[in-house]
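*Asks:* My structure file my_file37.txt, compact mmCIF, C-alpha atoms, is below:
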# COMPACT_ATOMS: atom_id res chain seq x y z
CA MET A 1 0.00 0.00 0.00
CA ARG A 2 1.44 3.38 -0.96
CA ASP A 3 -0.37 6.15 0.93
CA HIS A 4 0.58 9.79 0.84
CA ARG A 5 0.52 11.84 4.03
CA PRO A 6 -1.92 14.76 3.75
CA GLY A 7 -0.10 18.03 3.12
CA GLU A 8 3.20 16.32 2.34
CA ASN A 9 5.06 18.11 -0.46
CA ALA A 10 7.20 15.16 -1.57
CA PRO A 11 5.37 12.51 -3.60
CA HIS A 12 6.63 9.65 -1.41
CA PRO A 13 4.51 7.07 0.33
CA GLU A 14 4.46 6.53 4.10
CA VAL A 15 5.67 2.98 3.55
CA TRP A 16 7.52 2.14 0.35
CA THR A 17 7.78 -1.52 -0.58
CA GLY A 18 9.69 -3.22 -3.33
CA ARG A 19 10.98 -6.62 -4.23
CA ALA A 20 13.11 -8.56 -6.65
CA THR A 21 12.59 -12.13 -7.77
CA ASN A 22 14.79 -14.79 -9.34
CA ARG A 23 12.76 -17.53 -10.95
CA ALA A 24 15.92 -19.51 -11.83
CA GLN A 25 16.26 -20.31 -8.13
CA TRP A 26 13.20 -22.55 -8.49
CA LEU A 27 15.23 -24.82 -10.79
CA LEU A 28 17.93 -25.15 -8.13
CA ALA A 29 15.24 -25.85 -5.52
CA LEU A 30 13.91 -28.58 -7.81
CA ALA A 31 17.39 -30.14 -7.94
CA GLY A 32 17.51 -30.06 -4.13
CA ALA A 33 14.11 -31.73 -3.93
CA ALA A 34 15.30 -34.43 -6.37
CA CYS A 35 18.36 -35.10 -4.22
CA LEU A 36 16.15 -35.30 -1.13
CA ALA A 37 13.82 -37.72 -2.92
CA LEU A 38 16.78 -39.87 -3.95
CA GLY A 39 17.91 -40.09 -0.33
CA ILE A 40 14.43 -41.12 0.78
CA GLU A 41 14.17 -43.66 -2.05
CA LEU A 42 17.51 -45.18 -1.05
CA ALA A 43 16.41 -45.42 2.57
CA VAL A 44 13.04 -47.00 1.80
CA ASP A 45 13.71 -49.33 -1.11
CA SER A 46 17.36 -50.17 -1.44
CA ALA A 47 19.01 -53.32 -2.70
CA TRP A 48 22.38 -51.99 -1.53
CA THR A 49 24.93 -54.80 -1.38
CA SER A 50 27.97 -52.87 -0.15
CA GLY A 51 26.98 -52.89 3.52
CA VAL A 52 24.90 -50.84 5.92
CA THR A 53 27.56 -48.16 6.49
CA ALA A 54 27.72 -47.23 2.81
CA LEU A 55 23.91 -47.16 2.60
CA VAL A 56 23.60 -44.90 5.66
CA MET A 57 26.27 -42.56 4.29
CA ALA A 58 24.51 -42.36 0.91
CA VAL A 59 21.09 -41.76 2.47
CA VAL A 60 22.33 -39.14 4.93
CA GLY A 61 24.43 -37.46 2.23
CA CYS A 62 21.57 -37.22 -0.25
CA ILE A 63 19.09 -35.99 2.35
CA ALA A 64 21.52 -33.44 3.82
CA ALA A 65 22.55 -32.13 0.39
CA GLY A 66 18.92 -32.01 -0.75
CA LEU A 67 17.79 -30.06 2.33
CA LEU A 68 20.73 -27.67 2.08
CA VAL A 69 20.12 -26.92 -1.60
CA LEU A 70 16.34 -26.81 -1.22
CA PHE A 71 16.19 -24.44 1.73
CA GLY A 72 19.27 -22.47 0.65
CA THR A 73 17.71 -21.65 -2.69
CA LEU A 74 14.16 -21.07 -1.45
CA ALA A 75 15.52 -18.51 1.02
CA PHE A 76 16.71 -16.41 -1.92
CA VAL A 77 13.95 -16.79 -4.50
CA HIS A 78 13.03 -13.19 -3.75
CA VAL A 79 13.93 -10.28 -1.53
CA ALA A 80 11.42 -7.79 -0.12
CA LEU A 81 12.36 -4.28 0.95
CA LYS A 82 10.22 -2.05 3.15
CA VAL A 83 11.10 1.55 3.95
CA ASP A 84 9.06 3.46 6.50
CA ARG A 85 9.74 6.68 8.43
CA GLU A 86 12.04 5.00 10.95
CA CYS A 87 13.82 2.10 9.30
CA LEU A 88 14.52 -0.05 6.30
CA GLU A 89 13.75 -3.78 6.49
CA VAL A 90 15.04 -6.46 4.14
CA ARG A 91 13.42 -9.91 4.17
CA CYS A 92 14.48 -12.86 2.06
CA GLY A 93 12.45 -15.78 0.73
CA HIS A 94 9.00 -16.94 1.68
CA ILE A 95 9.77 -17.25 5.38
CA GLY A 96 11.44 -13.83 5.55
CA VAL A 97 14.78 -15.08 6.80
CA PRO A 98 17.44 -13.90 6.77
CA ARG A 99 16.08 -10.54 7.76
CA ARG A 100 17.91 -7.29 8.37
CA ARG A 101 16.45 -4.17 9.90
CA ILE A 102 18.44 -0.94 9.57
CA PRO A 103 17.27 2.18 11.41
CA LEU A 104 17.45 5.21 9.11
CA SER A 105 19.46 6.95 11.84
CA GLN A 106 22.32 4.57 10.89
CA VAL A 107 22.14 5.44 7.16
CA ALA A 108 24.47 8.16 5.85
CA GLY A 109 23.26 7.96 2.26
CA ALA A 110 21.79 5.87 -0.54
CA GLU A 111 22.85 5.46 -4.15
CA PHE A 112 21.31 3.82 -7.20
CA ALA A 113 23.35 0.89 -8.59
CA PRO A 114 22.25 0.11 -12.17
CA HIS A 115 24.27 -3.12 -12.57
CA VAL A 116 24.44 -5.38 -9.53
CA THR A 117 25.51 -8.90 -10.50
CA PRO A 118 25.87 -12.11 -8.51
CA ARG A 119 29.31 -12.56 -10.08
CA HIS A 120 30.62 -9.41 -8.39
CA TRP A 121 29.44 -10.69 -5.02
CA GLY A 122 30.42 -14.35 -5.36
CA GLY A 123 26.94 -15.67 -6.10
CA TRP A 124 23.34 -15.29 -5.08
CA GLY A 125 22.22 -14.82 -1.52
CA TYR A 126 23.29 -12.87 1.53
CA ARG A 127 26.90 -11.95 0.79
CA TRP A 128 29.83 -10.27 2.49
CA ARG A 129 33.06 -9.14 0.85
CA PRO A 130 35.61 -7.18 2.86
CA GLU A 131 36.32 -4.70 0.07
CA LYS A 132 32.66 -4.22 -0.91
CA GLY A 133 30.50 -4.64 2.20
CA THR A 134 27.34 -6.72 2.61
CA ALA A 135 24.68 -7.47 0.01
CA VAL A 136 21.47 -9.35 -0.65
CA VAL A 137 21.63 -10.38 -4.29
CA VAL A 138 18.80 -12.46 -5.77
CA ARG A 139 19.23 -11.50 -9.42
CA ARG A 140 21.31 -9.33 -11.72
CA GLY A 141 20.13 -5.82 -12.45
CA GLU A 142 19.33 -2.67 -10.58
CA GLY A 143 19.75 -2.25 -6.87
CA LEU A 144 20.58 0.26 -4.20
CA VAL A 145 23.64 0.80 -2.06
CA LEU A 146 23.25 2.13 1.47
CA ARG A 147 26.22 3.91 3.02
CA LEU A 148 26.05 3.46 6.78
CA TRP A 149 27.50 5.86 9.34
CA ASP A 150 29.91 3.15 10.57
CA GLY A 151 31.61 3.13 7.13
CA HIS A 152 30.02 -0.09 5.88
CA THR A 153 27.83 -0.49 2.81
CA PHE A 154 24.75 -2.64 2.25
CA THR A 155 23.63 -3.46 -1.30
CA ILE A 156 20.18 -4.82 -2.17
CA THR A 157 18.83 -5.91 -5.55
CA VAL A 158 15.31 -4.55 -5.84
CA ASP A 159 13.02 -3.51 -8.67
CA ASP A 160 12.49 0.25 -9.00
CA ALA A 161 15.65 0.92 -6.99
CA GLU A 162 15.74 4.56 -8.17
CA THR A 163 12.46 5.25 -6.39
CA ALA A 164 13.70 3.48 -3.27
CA VAL A 165 16.80 5.69 -3.26
CA ARG A 166 14.67 8.85 -3.62
CA VAL A 167 12.41 7.74 -0.75
CA ILE A 168 15.38 6.95 1.50
CA LYS A 169 17.14 10.22 0.68
CA ASP A 170 13.93 12.13 1.37
CA ARG A 171 13.64 10.44 4.78
CA LEU A 172 17.29 11.23 5.59
CA ARG A 173 17.07 14.93 4.76
CA PRO A 174 15.84 16.13 8.18
CA ARG A 175 18.45 14.01 9.97
CA THR A 176 21.40 15.33 7.98
CA SER A 177 20.53 19.04 7.92
CA GLY A 178 23.26 19.89 10.43
CA PRO A 179 23.95 19.75 14.13
CA VAL A 180 21.31 21.01 16.54
CA ARG A 181 22.65 23.49 19.09
Take the structure in the file and give it back as structure tokens.

*Replies:*
Amino acid sequence: MRDHRPGENAPHPEVWTGRATNRAQWLLALAGAACLALGIELAVDSAWTSGVTALVMAVVGCIAAGLLVLFGTLAFVHVALKVDRECLEVRCGHIGVPRRRIPLSQVAGAEFAPHVTPRHWGGWGYRWRPEKGTAVVVRRGEGLVLRLWDGHTFTITVDDAETAVRVIKDRLRPRTSGPVR
């Protein structure tokens, strides 16, 4: 919902929401489900002749790998961003985890990033690189970069990132107008 506050000059909503989706992650989730199904099939109906230890290792390996891939990819099928008057909240996947909440009082600035790619961050997901900062990357394309007062950056891929940057900058204006004496 994008409501405007009565009498507000700036055309920005009280709560701005945006998201980005990566449908290719569903294919990876399908591969994880197949691995999980293979592990279950081995456990239920196996004519394994190499001994119980090898069977247990195969079953546990398939199930563990399947769960890891399945839940790891479903967590990053999409990212949702919510900006209100007080904070910015990033939620990943259908469950909303991982989640990060950043008070706007900790944000020094925001910039539009037209070309965020998983390759630059080492893949999809919640990423950290010492020279670049932290990011939530679910697809290639536009995003926004937050500069935090502690010197760190936080990058998020989100559709309509330019509007998100304008909304964030508008919310920061009163906080950065100078020291109060």

*Asks:* Using all atoms listed in the file, find the one residue out of A:Leu144, A:Ala37, A:Ile168, A:Ala20 that sits nearest to Ala80 (chain A).

*Replies:*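 Closest residue, counting all atoms listed in the file: A:Ala20.
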
*Asks:* Any idea what's packed within 8 Å of Ala64 (chain A), counting only C-alpha atoms, ignoring anything in its chain fewer than 4 positions away? Could you give it as a list of chain:residue names?

*Replies:* A:Leu36, A:Val60, A:Leu68

*Asks:* For CA of Ala161 (chain A) and CA of Val145 (chain A), determine how far apart the two atoms are, in Å to one decimal place.

*Replies:* 9.4 Å

*Asks:* Go through A:Val116, A:Ala65, A:Val136, A:Tyr126 one by one, measure the shortest atom-to-atom distance of each to Cys35 (chain A) using all atoms listed in the file, and give the residue with the smallest value.

*Replies:*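 Closest candidate: A:Ala65.
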
*Asks:* Rounded to one decimal place, report the CA of Lys82 (chain A)-CA of His115 (chain A) distance in Å.

*Replies:*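 Going from CA of Lys82 (chain A) over to CA of His115 (chain A), I get 21.1 Å.
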
*Asks:* Could you give me, as a list in words, the residues within 12 Å of Glu142 (chain A), counting all atoms listed in the file and dropping anything in the same chain fewer than 4 positions from it?

*Replies:* Arg19, Ala20, Thr21, Glu111, Phe112, Ala113, Pro114, His115, Val116, Thr117, Pro118, Val137, Val138, Thr155, Ile156, Thr157, Val158, Asp159, Asp160, Ala161, Glu162, Thr163, Ala164 and Val165 of chain A

*Asks:* Taking 6 positions as the minimum chain separation for residues in the same chain, which residues sit within 12 Å of Ile95 (chain A) when counting only C-alpha atoms? Answer as a list in words.

*Replies:*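 Result of the neighbour search: Phe71, Gly72, Leu74, Ala75, Phe76, Val77, His78, Val79 and Ala80 of chain A.
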
*Asks:* Mind working out the centre and edge lengths of an axis-aligned box for region 42-59 of chain A, all listed atoms inside, 8 Å added to each side, rounded to one decimal in Å and written as AutoDock Vina command-line options?

*Replies:*
--center_x 20.5 --center_y -48.3 --center_z 1.9 --size_x 30.9 --size_y 29.0 --size_z 25.2

*Asks:* Please identify all polymer residues within 8 Å of Gly133 (chain A), counting all atoms listed in the file, omitting same-chain residues fewer than 6 positions from it, and present them as an MDAnalysis selection string.

*Replies:* chainID A and resid 152:155

*Asks:* How many Å separate CA of Trp16 (chain A) from CA of Leu81 (chain A)?

*Replies:* 8.1 Å

*Asks:* So which one's closest to Ala43 (chain A), A:Gly123, A:Cys87, A:Cys92, A:Ile63? Using all atoms listed in the file, please.

*Replies:*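 For Ala43 (chain A), the nearest of the candidates is A:Ile63.
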
*Asks:* Measuring atom to atom with only C-alpha atoms, identify which of A:Val69, A:Asp45, A:Pro130, A:Arg139 is nearest to Ala24 (chain A).

*Replies:*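 Among the listed residues, A:Arg139 lies closest to Ala24 (chain A).
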
*Asks:* Could you write region 51-77 of chain A as a PDB file, keeping the file's coordinate frame, with N, CA and C atoms rebuilt where they are missing?

*Replies:*
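Once written, selection.pdb looks like this:
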ATOM      1  N   GLY A  51      26.975 -53.004   2.071  1.00  0.00           N
ATOM      2  CA  GLY A  51      26.980 -52.890   3.520  1.00  0.00           C
ATOM      3  C   GLY A  51      26.125 -51.748   4.008  1.00  0.00           C
ATOM      4  N   VAL A  52      25.790 -51.826   5.291  1.00  0.00           N
ATOM      5  CA  VAL A  52      24.900 -50.840   5.920  1.00  0.00           C
ATOM      6  C   VAL A  52      25.566 -49.473   6.027  1.00  0.00           C
ATOM      7  N   THR A  53      26.854 -49.441   6.324  1.00  0.00           N
ATOM      8  CA  THR A  53      27.560 -48.160   6.490  1.00  0.00           C
ATOM      9  C   THR A  53      27.498 -47.332   5.212  1.00  0.00           C
ATOM     10  N   ALA A  54      27.769 -47.946   4.091  1.00  0.00           N
ATOM     11  CA  ALA A  54      27.720 -47.230   2.810  1.00  0.00           C
ATOM     12  C   ALA A  54      26.308 -46.748   2.509  1.00  0.00           C
ATOM     13  N   LEU A  55      25.300 -47.561   2.825  1.00  0.00           N
ATOM     14  CA  LEU A  55      23.910 -47.160   2.600  1.00  0.00           C
ATOM     15  C   LEU A  55      23.541 -45.957   3.468  1.00  0.00           C
ATOM     16  N   VAL A  56      23.906 -46.011   4.750  1.00  0.00           N
ATOM     17  CA  VAL A  56      23.600 -44.900   5.660  1.00  0.00           C
ATOM     18  C   VAL A  56      24.294 -43.626   5.194  1.00  0.00           C
ATOM     19  N   MET A  57      25.544 -43.745   4.773  1.00  0.00           N
ATOM     20  CA  MET A  57      26.270 -42.560   4.290  1.00  0.00           C
ATOM     21  C   MET A  57      25.610 -41.973   3.046  1.00  0.00           C
ATOM     22  N   ALA A  58      25.166 -42.838   2.131  1.00  0.00           N
ATOM     23  CA  ALA A  58      24.510 -42.360   0.910  1.00  0.00           C
ATOM     24  C   ALA A  58      23.182 -41.690   1.228  1.00  0.00           C
ATOM     25  N   VAL A  59      22.392 -42.311   2.111  1.00  0.00           N
ATOM     26  CA  VAL A  59      21.090 -41.760   2.470  1.00  0.00           C
ATOM     27  C   VAL A  59      21.256 -40.416   3.168  1.00  0.00           C
ATOM     28  N   VAL A  60      22.117 -40.380   4.188  1.00  0.00           N
ATOM     29  CA  VAL A  60      22.330 -39.140   4.930  1.00  0.00           C
ATOM     30  C   VAL A  60      22.908 -38.055   4.030  1.00  0.00           C
ATOM     31  N   GLY A  61      23.839 -38.426   3.159  1.00  0.00           N
ATOM     32  CA  GLY A  61      24.430 -37.460   2.230  1.00  0.00           C
ATOM     33  C   GLY A  61      23.418 -36.861   1.280  1.00  0.00           C
ATOM     34  N   CYS A  62      22.589 -37.713   0.692  1.00  0.00           N
ATOM     35  CA  CYS A  62      21.570 -37.220  -0.250  1.00  0.00           C
ATOM     36  C   CYS A  62      20.541 -36.342   0.458  1.00  0.00           C
ATOM     37  N   ILE A  63      20.086 -36.780   1.626  1.00  0.00           N
ATOM     38  CA  ILE A  63      19.090 -35.990   2.350  1.00  0.00           C
ATOM     39  C   ILE A  63      19.670 -34.662   2.807  1.00  0.00           C
ATOM     40  N   ALA A  64      20.892 -34.678   3.351  1.00  0.00           N
ATOM     41  CA  ALA A  64      21.520 -33.440   3.820  1.00  0.00           C
ATOM     42  C   ALA A  64      21.762 -32.472   2.658  1.00  0.00           C
ATOM     43  N   ALA A  65      22.302 -32.989   1.559  1.00  0.00           N
ATOM     44  CA  ALA A  65      22.550 -32.130   0.390  1.00  0.00           C
ATOM     45  C   ALA A  65      21.239 -31.595  -0.170  1.00  0.00           C
ATOM     46  N   GLY A  66      20.225 -32.444  -0.238  1.00  0.00           N
ATOM     47  CA  GLY A  66      18.920 -32.010  -0.750  1.00  0.00           C
ATOM     48  C   GLY A  66      18.311 -30.915   0.099  1.00  0.00           C
ATOM     49  N   LEU A  67      18.344 -31.084   1.428  1.00  0.00           N
ATOM     50  CA  LEU A  67      17.790 -30.060   2.330  1.00  0.00           C
ATOM     51  C   LEU A  67      18.579 -28.762   2.230  1.00  0.00           C
ATOM     52  N   LEU A  68      19.888 -28.867   2.181  1.00  0.00           N
ATOM     53  CA  LEU A  68      20.730 -27.670   2.080  1.00  0.00           C
ATOM     54  C   LEU A  68      20.436 -26.890   0.807  1.00  0.00           C
ATOM     55  N   VAL A  69      20.395 -27.585  -0.313  1.00  0.00           N
ATOM     56  CA  VAL A  69      20.120 -26.920  -1.600  1.00  0.00           C
ATOM     57  C   VAL A  69      18.685 -26.392  -1.630  1.00  0.00           C
ATOM     58  N   LEU A  70      17.744 -27.202  -1.180  1.00  0.00           N
ATOM     59  CA  LEU A  70      16.340 -26.810  -1.220  1.00  0.00           C
ATOM     60  C   LEU A  70      16.082 -25.553  -0.384  1.00  0.00           C
ATOM     61  N   PHE A  71      16.460 -25.585   0.871  1.00  0.00           N
ATOM     62  CA  PHE A  71      16.190 -24.440   1.730  1.00  0.00           C
ATOM     63  C   PHE A  71      17.117 -23.264   1.430  1.00  0.00           C
ATOM     64  N   GLY A  72      18.345 -23.550   1.018  1.00  0.00           N
ATOM     65  CA  GLY A  72      19.270 -22.470   0.650  1.00  0.00           C
ATOM     66  C   GLY A  72      18.806 -21.681  -0.547  1.00  0.00           C
ATOM     67  N   THR A  73      18.191 -22.365  -1.510  1.00  0.00           N
ATOM     68  CA  THR A  73      17.710 -21.650  -2.690  1.00  0.00           C
ATOM     69  C   THR A  73      16.358 -20.991  -2.440  1.00  0.00           C
ATOM     70  N   LEU A  74      15.478 -21.662  -1.718  1.00  0.00           N
ATOM     71  CA  LEU A  74      14.160 -21.070  -1.450  1.00  0.00           C
ATOM     72  C   LEU A  74      14.277 -19.795  -0.603  1.00  0.00           C
ATOM     73  N   ALA A  75      15.324 -19.709   0.210  1.00  0.00           N
ATOM     74  CA  ALA A  75      15.520 -18.510   1.020  1.00  0.00           C
ATOM     75  C   ALA A  75      15.839 -17.297   0.148  1.00  0.00           C
ATOM     76  N   PHE A  76      16.318 -17.531  -1.075  1.00  0.00           N
ATOM     77  CA  PHE A  76      16.710 -16.410  -1.920  1.00  0.00           C
ATOM     78  C   PHE A  76      16.008 -16.396  -3.260  1.00  0.00           C
ATOM     79  N   VAL A  77      14.771 -16.893  -3.295  1.00  0.00           N
ATOM     80  CA  VAL A  77      13.950 -16.790  -4.500  1.00  0.00           C
ATOM     81  C   VAL A  77      13.564 -15.333  -4.711  1.00  0.00           C
TER      82      VAL A  77
END
